[in-house]
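Single-structure report; data block below.
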Amino acid sequence: MASGVKPRVKVPKKAAAGEAITIKTLISHKMESGQRKDKEGNLIPRSIINRFTCEFNGQSVVDVKMESAISTNPYFQFEATVPEAGDFVFTWYDDDGSVYDTKKSVAIG
Amino acid sequence: MDFSRRDTLGLALGAAALTVLPFRVSASSDAAIEEFTGGAAVGEGGITLTAPEIAENGNTVPIEVSAPGAVSIMVLAAGNPTPGVATFNFGPLAASQAAATRIRLAGTQDVMALAKMADGSFVKASSTVKVTIGGCGG
Amino acid sequence: MTKPMGTKTLTAIAVAACAFAAPAMADESASLVVNGEIDMVTRTAAPAHISDVMDEINSGWLYRSDETQALQTDDFDNPGMIFVDQALETWDQVDGSEGKSCASCHDDVEGSMAGVRAVYPKWNETAGEVRTLAHQINDCRENQMGAEKWKYTGGKMTAMEALISVQSRGMPVNVAIDGPAQATWEKGKEMYYTRTGQLELSCANCHEDNYGNMIRADHLSQGQINGFPVYRLKNTKLNNAHARFKGCVRDTRAETYKPGGSDFVALELYVASRGNGLSVEAPSVRN
């Protein structure tokens, strides 16, 4: 697992049923592009987060295929519909097989 | 990731070598488009790509794509050593077919967004981003 | 401070010579409000000790592009806050032979560290020297916790500096330049105006004589450090003042001073004092 990987997500705690809410996500990751060379001139192998997903109560909001042109500390902003109370699950998939996830609950009110 | 000035220059040179001309779409981005569209015709309109005219640093360029009614949106940076940036696949709970992210650009180039619409048609939009290199490396 | 006649003109020519088409992108009239609640002072009257050379002091935020400026207006959009989060965990982690964490002595960082960043670098009576915030952090680690010192410009250090600085956000920088700190401050002032390197540039040549002008593709700021540690888009991490000074001195093609060493401590005190009155912004976002 890449060291120091930490997800941050911003989701409102409450929403009206059927409301569209804005979600922001940020995760600390080097996103080593595979294009750089080390001091000895050897290519540093690619090591990135290659996929990000957001689901609400098991239904997909967005599923992103990420490539090496995504900046260090990947950031996403998008909108989700909240049909009922429940949980958003955010998942990041690392090239090295690690999976980072975090959950945010939303109440209706 | 830490990019020294030399690394960044290397990226820029690599990009230039791949594309020959800064605005020519590289063969690998043609391949990526072909894979995404299956060779279907690509129209204009119905998709918006928002990017800065001038990026203060190519390492972190904020972009936003929006294509109401799209199933997915692919973003390409043809002037990069590898053109792929991201593909957004929107699920049933996406409140809009729009997303914002931050991307790397190896040099001044056209960034392209292609959307696959619900009816199977394709549309695209592009935006030129000037990337400044130089100044105080610090 | 009187300077030899012609210095400003000569430097202006030197800077212009390596400048090219200026991206007209900075909105120098913008105002910075963070999270819709912290009103930052990004322009104010120059402190008395530099009022003979400039009327107004400006935060480096004013010289950045709209997109870069926007990154600092919301803590969620600010990538520097990732490291603040990490340091918040470190704050509670026991480290070293004494079985202590930062919290063991200082409790909640919100309460104990409010206002601290604004007055550093600061005279330390016991040590008999001016100390930076980073020095103080390492002093705690070494002498209170029995833990290993952090690398002065390393990630653990810049993150902890940022966490402590966040507790003073919006407060005016107010470093003391008189009393026992005065000799150090005078030394820093002398460094600020001394030309170094093959390019023979002093800090003042760029950041006093030419702020607002372009140096190649960069929009020169006043070199204020009220926003440090700063998240730079260039290297996508937090950078403290000494790391930035090192880069600047290197760019004059001089041998640089050592981060954490007494030369840069003096320079930090002096440069910080030129920003007395600007808000603590850390972690700021710059290019």
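A note on labels: chains of the structure tokens are A, B, ... as shown, every chain counts residues from 1, and ligands are counted from 1 in their shown order.
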Legend entry - Who sits within 10 Å of Met145 of chain C, only C-alpha atoms, same chain under 6 positions skipped, as a list in words: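 The residues that qualify are Val94, Asp95, Gly96, Ser97, Glu98, Gly99, Lys100, Ser101, Cys102, Ser104, Cys105, Asn138 and Asp139 of chain C.
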For all heavy atoms, I'd like the residues from the last selection saved as a PDB file, in the first residue's frame.
ATOM      1  N   VAL C  94       1.623   9.169  20.365  1.00  0.00           N
ATOM      2  CA  VAL C  94       2.761   9.111  21.279  1.00  0.00           C
ATOM      3  C   VAL C  94       4.002   8.715  20.483  1.00  0.00           C
ATOM      4  O   VAL C  94       3.951   7.846  19.625  1.00  0.00           O
ATOM      5  CB  VAL C  94       2.482   8.078  22.394  1.00  0.00           C
ATOM      6  CG1 VAL C  94       3.741   7.824  23.218  1.00  0.00           C
ATOM      7  CG2 VAL C  94       1.338   8.559  23.284  1.00  0.00           C
ATOM      8  N   ASP C  95       5.105   9.411  20.744  1.00  0.00           N
ATOM      9  CA  ASP C  95       6.348   9.117  20.046  1.00  0.00           C
ATOM     10  C   ASP C  95       7.490   9.399  21.019  1.00  0.00           C
ATOM     11  O   ASP C  95       7.404  10.308  21.842  1.00  0.00           O
ATOM     12  CB  ASP C  95       6.446  10.018  18.795  1.00  0.00           C
ATOM     13  CG  ASP C  95       7.505   9.527  17.806  1.00  0.00           C
ATOM     14  OD1 ASP C  95       8.102   8.460  18.045  1.00  0.00           O
ATOM     15  OD2 ASP C  95       7.730  10.220  16.801  1.00  0.00           O
ATOM     16  N   GLY C  96       8.583   8.600  20.954  1.00  0.00           N
ATOM     17  CA  GLY C  96       9.764   8.891  21.751  1.00  0.00           C
ATOM     18  C   GLY C  96       9.773   8.227  23.115  1.00  0.00           C
ATOM     19  O   GLY C  96       8.811   7.576  23.537  1.00  0.00           O
ATOM     20  N   SER C  97      10.880   8.431  23.828  1.00  0.00           N
ATOM     21  CA  SER C  97      11.153   7.705  25.069  1.00  0.00           C
ATOM     22  C   SER C  97      10.299   8.172  26.246  1.00  0.00           C
ATOM     23  O   SER C  97      10.176   7.469  27.251  1.00  0.00           O
ATOM     24  CB  SER C  97      12.632   7.872  25.426  1.00  0.00           C
ATOM     25  OG  SER C  97      12.935   9.251  25.560  1.00  0.00           O
ATOM     26  N   GLU C  98       9.713   9.348  26.169  1.00  0.00           N
ATOM     27  CA  GLU C  98       8.954   9.879  27.304  1.00  0.00           C
ATOM     28  C   GLU C  98       7.474   9.487  27.288  1.00  0.00           C
ATOM     29  O   GLU C  98       6.730   9.862  28.199  1.00  0.00           O
ATOM     30  CB  GLU C  98       9.069  11.411  27.362  1.00  0.00           C
ATOM     31  CG  GLU C  98      10.505  11.923  27.417  1.00  0.00           C
ATOM     32  CD  GLU C  98      11.294  11.313  28.573  1.00  0.00           C
ATOM     33  OE1 GLU C  98      10.830  11.428  29.720  1.00  0.00           O
ATOM     34  OE2 GLU C  98      12.356  10.702  28.320  1.00  0.00           O
ATOM     35  N   GLY C  99       7.066   8.778  26.235  1.00  0.00           N
ATOM     36  CA  GLY C  99       5.673   8.331  26.152  1.00  0.00           C
ATOM     37  C   GLY C  99       4.673   9.457  25.974  1.00  0.00           C
ATOM     38  O   GLY C  99       3.544   9.385  26.458  1.00  0.00           O
ATOM     39  N   LYS C 100       5.111  10.508  25.312  1.00  0.00           N
ATOM     40  CA  LYS C 100       4.236  11.672  25.157  1.00  0.00           C
ATOM     41  C   LYS C 100       3.883  11.930  23.687  1.00  0.00           C
ATOM     42  O   LYS C 100       4.663  11.612  22.789  1.00  0.00           O
ATOM     43  CB  LYS C 100       4.950  12.934  25.668  1.00  0.00           C
ATOM     44  CG  LYS C 100       5.084  13.029  27.172  1.00  0.00           C
ATOM     45  CD  LYS C 100       5.769  14.350  27.492  1.00  0.00           C
ATOM     46  CE  LYS C 100       6.122  14.458  28.968  1.00  0.00           C
ATOM     47  NZ  LYS C 100       7.006  15.616  29.195  1.00  0.00           N
ATOM     48  N   SER C 101       2.722  12.541  23.511  1.00  0.00           N
ATOM     49  CA  SER C 101       2.355  13.099  22.208  1.00  0.00           C
ATOM     50  C   SER C 101       2.346  14.613  22.354  1.00  0.00           C
ATOM     51  O   SER C 101       2.528  15.132  23.461  1.00  0.00           O
ATOM     52  CB  SER C 101       0.971  12.608  21.796  1.00  0.00           C
ATOM     53  OG  SER C 101      -0.010  13.185  22.653  1.00  0.00           O
ATOM     54  N   CYS C 102       2.094  15.328  21.257  1.00  0.00           N
ATOM     55  CA  CYS C 102       1.947  16.787  21.358  1.00  0.00           C
ATOM     56  C   CYS C 102       0.823  17.105  22.343  1.00  0.00           C
ATOM     57  O   CYS C 102       0.921  18.017  23.165  1.00  0.00           O
ATOM     58  CB  CYS C 102       1.600  17.394  20.000  1.00  0.00           C
ATOM     59  SG  CYS C 102       2.753  17.026  18.680  1.00  0.00           S
ATOM     60  N   SER C 104      -0.205  15.556  24.895  1.00  0.00           N
ATOM     61  CA  SER C 104       0.072  15.312  26.310  1.00  0.00           C
ATOM     62  C   SER C 104       0.336  16.624  27.043  1.00  0.00           C
ATOM     63  O   SER C 104      -0.067  16.796  28.191  1.00  0.00           O
ATOM     64  CB  SER C 104       1.290  14.400  26.478  1.00  0.00           C
ATOM     65  OG  SER C 104       1.145  13.229  25.735  1.00  0.00           O
ATOM     66  N   CYS C 105       1.047  17.531  26.411  1.00  0.00           N
ATOM     67  CA  CYS C 105       1.335  18.822  27.036  1.00  0.00           C
ATOM     68  C   CYS C 105       0.384  19.922  26.574  1.00  0.00           C
ATOM     69  O   CYS C 105       0.016  20.793  27.346  1.00  0.00           O
ATOM     70  CB  CYS C 105       2.761  19.273  26.729  1.00  0.00           C
ATOM     71  SG  CYS C 105       4.031  18.189  27.415  1.00  0.00           S
ATOM     72  N   ASN C 138      10.716  20.866  16.818  1.00  0.00           N
ATOM     73  CA  ASN C 138      11.791  19.893  17.035  1.00  0.00           C
ATOM     74  C   ASN C 138      12.328  19.942  18.463  1.00  0.00           C
ATOM     75  O   ASN C 138      12.749  18.923  19.008  1.00  0.00           O
ATOM     76  CB  ASN C 138      12.927  20.108  16.028  1.00  0.00           C
ATOM     77  CG  ASN C 138      12.785  19.177  14.829  1.00  0.00           C
ATOM     78  OD1 ASN C 138      12.017  18.203  14.885  1.00  0.00           O
ATOM     79  ND2 ASN C 138      13.514  19.457  13.759  1.00  0.00           N
ATOM     80  N   ASP C 139      12.298  21.109  19.065  1.00  0.00           N
ATOM     81  CA  ASP C 139      12.723  21.218  20.460  1.00  0.00           C
ATOM     82  C   ASP C 139      11.808  20.379  21.347  1.00  0.00           C
ATOM     83  O   ASP C 139      12.260  19.653  22.233  1.00  0.00           O
ATOM     84  CB  ASP C 139      12.701  22.686  20.885  1.00  0.00           C
ATOM     85  CG  ASP C 139      13.265  22.873  22.289  1.00  0.00           C
ATOM     86  OD1 ASP C 139      14.498  22.972  22.438  1.00  0.00           O
ATOM     87  OD2 ASP C 139      12.449  22.878  23.240  1.00  0.00           O
TER      88      ASP C 139
END
Select from chain A every residue with an atom at most 8 Å from any atom of chain B, then for each give the shortest pair of atoms and their distance in Å to one decimal, using only C-alpha atoms, rows by chain and rising number, as a tab-separated table.
residue	atom	partner	partner_atom	distance
A:Ala20	CA	B:Ala95	CA	5.5
A:Ile21	CA	B:Ala95	CA	7.7
A:Lys30	CA	B:Met1	CA	4.7
A:Met31	CA	B:Met1	CA	6.6
A:Glu32	CA	B:Met1	CA	6.3
A:Gln35	CA	B:Leu11	CA	7.3
A:Arg36	CA	B:Asp7	CA	6.5
A:Lys37	CA	B:Asp7	CA	7.7
A:Phe56	CA	B:Leu93	CA	7.5
A:Gln59	CA	B:Leu93	CA	6.8
A:Ser60	CA	B:Gly91	CA	4.6
A:Val61	CA	B:Gly91	CA	4.5
A:Val62	CA	B:Phe90	CA	4.6
A:Asp63	CA	B:Asn89	CA	5.0
A:Val64	CA	B:Phe88	CA	4.5
A:Lys65	CA	B:Thr87	CA	5.0
A:Met66	CA	B:Ala86	CA	4.6
A:Glu67	CA	B:Val85	CA	5.0
A:Ser68	CA	B:Val85	CA	6.7
A:Ala69	CA	B:Arg104	CA	4.9
A:Ile70	CA	B:Ile103	CA	4.5
A:Ser71	CA	B:Ile103	CA	4.8
A:Thr72	CA	B:Met1	CA	6.0
A:Pro74	CA	B:Arg102	CA	7.0
A:Tyr75	CA	B:Thr101	CA	5.3
A:Phe76	CA	B:Thr101	CA	4.7
A:Gln77	CA	B:Ala100	CA	5.0
A:Phe78	CA	B:Ala99	CA	4.6
A:Glu79	CA	B:Ala95	CA	5.1
A:Ala80	CA	B:Ala95	CA	4.5
A:Thr81	CA	B:Ala95	CA	4.9
A:Val82	CA	B:Leu93	CA	7.4
Resulting file, chosen residues, N, CA and C atoms, as a short mmCIF file (atom, residue, chain, number, x, y, z; two decimals), in the first residue's frame:
data_model
loop_
_atom_site.label_atom_id
_atom_site.label_comp_id
_atom_site.auth_asym_id
_atom_site.auth_seq_id
_atom_site.Cartn_x
_atom_site.Cartn_y
_atom_site.Cartn_z
N ALA A 20 -30.66 17.04 -5.43
CA ALA A 20 -29.32 16.90 -6.02
C ALA A 20 -28.32 17.59 -5.11
N ILE A 21 -27.29 16.86 -4.70
CA ILE A 21 -26.28 17.44 -3.81
C ILE A 21 -24.91 17.40 -4.49
N LYS A 30 0.51 10.04 -4.62
CA LYS A 30 1.52 10.61 -5.50
C LYS A 30 1.14 10.57 -6.98
N MET A 31 0.38 9.55 -7.37
CA MET A 31 0.03 9.37 -8.78
C MET A 31 1.30 9.39 -9.65
N GLU A 32 2.19 8.46 -9.34
CA GLU A 32 3.46 8.36 -10.10
C GLU A 32 3.11 7.98 -11.54
N GLN A 35 6.26 8.17 -16.24
CA GLN A 35 7.02 8.90 -17.25
C GLN A 35 8.35 9.42 -16.70
N ARG A 36 8.46 9.40 -15.36
CA ARG A 36 9.63 10.05 -14.78
C ARG A 36 10.78 9.06 -14.62
N LYS A 37 12.00 9.62 -14.56
CA LYS A 37 13.17 8.79 -14.30
C LYS A 37 13.76 9.17 -12.95
N PHE A 56 -24.44 4.99 -3.88
CA PHE A 56 -25.35 5.32 -2.78
C PHE A 56 -26.32 4.16 -2.61
N GLN A 59 -26.29 1.71 -5.39
CA GLN A 59 -26.50 2.16 -6.77
C GLN A 59 -25.41 3.14 -7.19
N SER A 60 -24.97 3.02 -8.43
CA SER A 60 -23.85 3.84 -8.89
C SER A 60 -24.22 5.31 -9.09
N VAL A 61 -23.32 6.18 -8.62
CA VAL A 61 -23.42 7.61 -8.94
C VAL A 61 -22.44 7.89 -10.08
N VAL A 62 -21.19 7.54 -9.83
CA VAL A 62 -20.18 7.72 -10.87
C VAL A 62 -19.09 6.66 -10.70
N ASP A 63 -18.54 6.24 -11.83
CA ASP A 63 -17.48 5.24 -11.85
C ASP A 63 -16.43 5.80 -12.81
N VAL A 64 -15.27 6.17 -12.28
CA VAL A 64 -14.29 6.89 -13.08
C VAL A 64 -13.06 6.03 -13.36
N LYS A 65 -12.71 5.91 -14.65
CA LYS A 65 -11.44 5.30 -15.02
C LYS A 65 -10.40 6.40 -15.01
N MET A 66 -9.37 6.23 -14.18
CA MET A 66 -8.36 7.28 -14.01
C MET A 66 -7.05 6.88 -14.67
N GLU A 67 -6.41 7.84 -15.33
CA GLU A 67 -5.13 7.57 -15.97
C GLU A 67 -4.06 8.46 -15.38
N SER A 68 -2.83 8.33 -15.90
CA SER A 68 -1.71 8.99 -15.22
C SER A 68 -1.71 10.51 -15.38
N ALA A 69 -2.63 11.06 -16.19
CA ALA A 69 -2.70 12.51 -16.31
C ALA A 69 -3.56 13.14 -15.22
N ILE A 70 -4.10 12.33 -14.31
CA ILE A 70 -4.81 12.91 -13.16
C ILE A 70 -3.74 13.39 -12.15
N SER A 71 -3.91 14.61 -11.66
CA SER A 71 -2.90 15.22 -10.80
C SER A 71 -2.68 14.47 -9.49
N THR A 72 -1.51 14.69 -8.92
CA THR A 72 -1.21 14.24 -7.56
C THR A 72 -2.35 14.68 -6.64
N PRO A 74 -5.58 13.25 -6.13
CA PRO A 74 -6.74 13.35 -7.05
C PRO A 74 -7.98 13.96 -6.40
N TYR A 75 -8.60 14.85 -7.18
CA TYR A 75 -9.77 15.61 -6.74
C TYR A 75 -10.90 15.36 -7.72
N PHE A 76 -12.11 15.13 -7.21
CA PHE A 76 -13.29 15.04 -8.05
C PHE A 76 -14.44 15.82 -7.42
N GLN A 77 -15.22 16.43 -8.29
CA GLN A 77 -16.46 17.07 -7.84
C GLN A 77 -17.56 16.65 -8.80
N PHE A 78 -18.72 16.26 -8.24
CA PHE A 78 -19.84 15.82 -9.09
C PHE A 78 -21.12 15.95 -8.28
N GLU A 79 -22.28 15.67 -8.92
CA GLU A 79 -23.56 15.80 -8.24
C GLU A 79 -24.26 14.45 -8.14
N ALA A 80 -24.91 14.23 -7.01
CA ALA A 80 -25.63 12.97 -6.81
C ALA A 80 -27.07 13.26 -6.39
N THR A 81 -27.96 12.37 -6.77
CA THR A 81 -29.35 12.46 -6.32
C THR A 81 -29.49 11.58 -5.07
N VAL A 82 -30.16 12.13 -4.07
CA VAL A 82 -30.38 11.37 -2.83
C VAL A 82 -31.86 10.98 -2.75
#
Legend entry - Nearest candidate to chain B (options C:Arg274, C:Arg64, C:His106, C:Arg169; using only C-alpha atoms):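 Smallest separation from chain B among the options: C:Arg64.
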Counting only C-alpha atoms, which residues of chain C fall within 7 Å of chain B, and what is the closest atom pair for each with its distance in Å at one decimal, ordered by chain and rising number, as a tab-separated table?
residue	atom	partner	partner_atom	distance
C:Ser65	CA	B:Glu56	CA	6.7
C:Ile215	CA	B:Gly135	CA	5.6
C:Arg216	CA	B:Gly135	CA	4.8
C:Ala217	CA	B:Gly135	CA	5.0
C:Asp218	CA	B:Gly135	CA	4.9
C:Leu233	CA	B:Thr60	CA	6.0
C:Lys234	CA	B:Asn59	CA	6.3
C:Asn235	CA	B:Asp2	CA	4.6
C:Thr236	CA	B:Met1	CA	6.4
C:Arg244	CA	B:Gly138	CA	6.1
C:Gly247	CA	B:Gly138	CA	3.8
C:Cys248	CA	B:Gly138	CA	5.3
C:Asp251	CA	B:Gly138	CA	6.8
C:Asn287	CA	B:Asn57	CA	6.1
Mind dumping a table of every chain A residue within 9 Å of chain C, with the nearest atom pair and its distance in Å to one decimal, using only C-alpha atoms, sorted by chain and rising number, as CSV?
residue,atom,partner,partner_atom,distance
A:Gly4,CA,C:Gln86,CA,8.1
A:Lys6,CA,C:Ile82,CA,7.5
A:Pro7,CA,C:Ile82,CA,8.4
A:Arg8,CA,C:Ile82,CA,7.6
A:Val9,CA,C:Phe76,CA,8.2
A:Lys10,CA,C:Phe76,CA,7.3
A:Lys24,CA,C:Phe76,CA,7.5
A:Thr25,CA,C:Phe76,CA,8.2
A:Leu26,CA,C:Pro79,CA,7.7
A:Ile27,CA,C:Ile82,CA,7.7
A:Ser28,CA,C:Ile82,CA,6.7
A:Lys30,CA,C:Thr236,CA,8.7
A:Ser71,CA,C:Thr236,CA,8.8
A:Thr72,CA,C:Thr236,CA,6.6
A:Asn73,CA,C:Pro79,CA,7.1
A:Tyr75,CA,C:Asp77,CA,8.2
Inset, instruction - Considering only C-alpha atoms, state which residue in the set B:Ile33, B:Ala115, B:Val71, B:Val129 is at the smallest distance from Thr50 of chain B. - result: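 That would be B:Val129, the residue with the smallest distance to Thr50 of chain B.
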Inset, instruction - Report the residues of chain A whose backbone DSSP state falls under strand (DSSP E), written as a ChimeraX atom specification. - result: /A:7-10,14-15,19-27,49-56,59-66,75-82,86-94,99-108
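Restricting the calculation to only C-alpha atoms, the smallest distance between Tyr231 of chain C and any of C:Lys122, C:Lys187, C:Arg117, C:Arg286 is found for C:Arg286.
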Legend entry - Given only C-alpha atoms as the counted atoms, nearest of A:Gly86, A:Gly34, A:Gly97, A:Gly41 to Ala17 of chain A: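 The closest residue to Ala17 of chain A is A:Gly86.
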Inset, instruction - Write out as a list of chain:residue names each polymer residue whose atoms come within 12 Å of Lys13 of chain A, counting only C-alpha atoms; drop sequence neighbours fewer than 2 positions from it. - result: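 Selected residues are A:Val9, A:Lys10, A:Val11, A:Ala15, A:Ala16, A:Ile21, A:Thr22, A:Ile23, A:Val82, A:Ala85, A:Gly86, A:Asp87, A:Phe88, A:Lys103, A:Lys104, A:Ser105, A:Val106, A:Ala107, A:Ile108, A:Gly109.
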Inset, instruction - Rounded to one decimal place, report the atom CA of Val84 of chain C-atom CA of Val280 of chain C distance in Å. - result: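 Spanning atom CA of Val84 of chain C to atom CA of Val280 of chain C is a straight-line distance of 15.0 Å.
Proximity of B:Asp30, B:Glu44, B:Glu35, B:Asp110 to Ser126 of chain B, computed with only C-alpha atoms, is greatest for B:Asp110.
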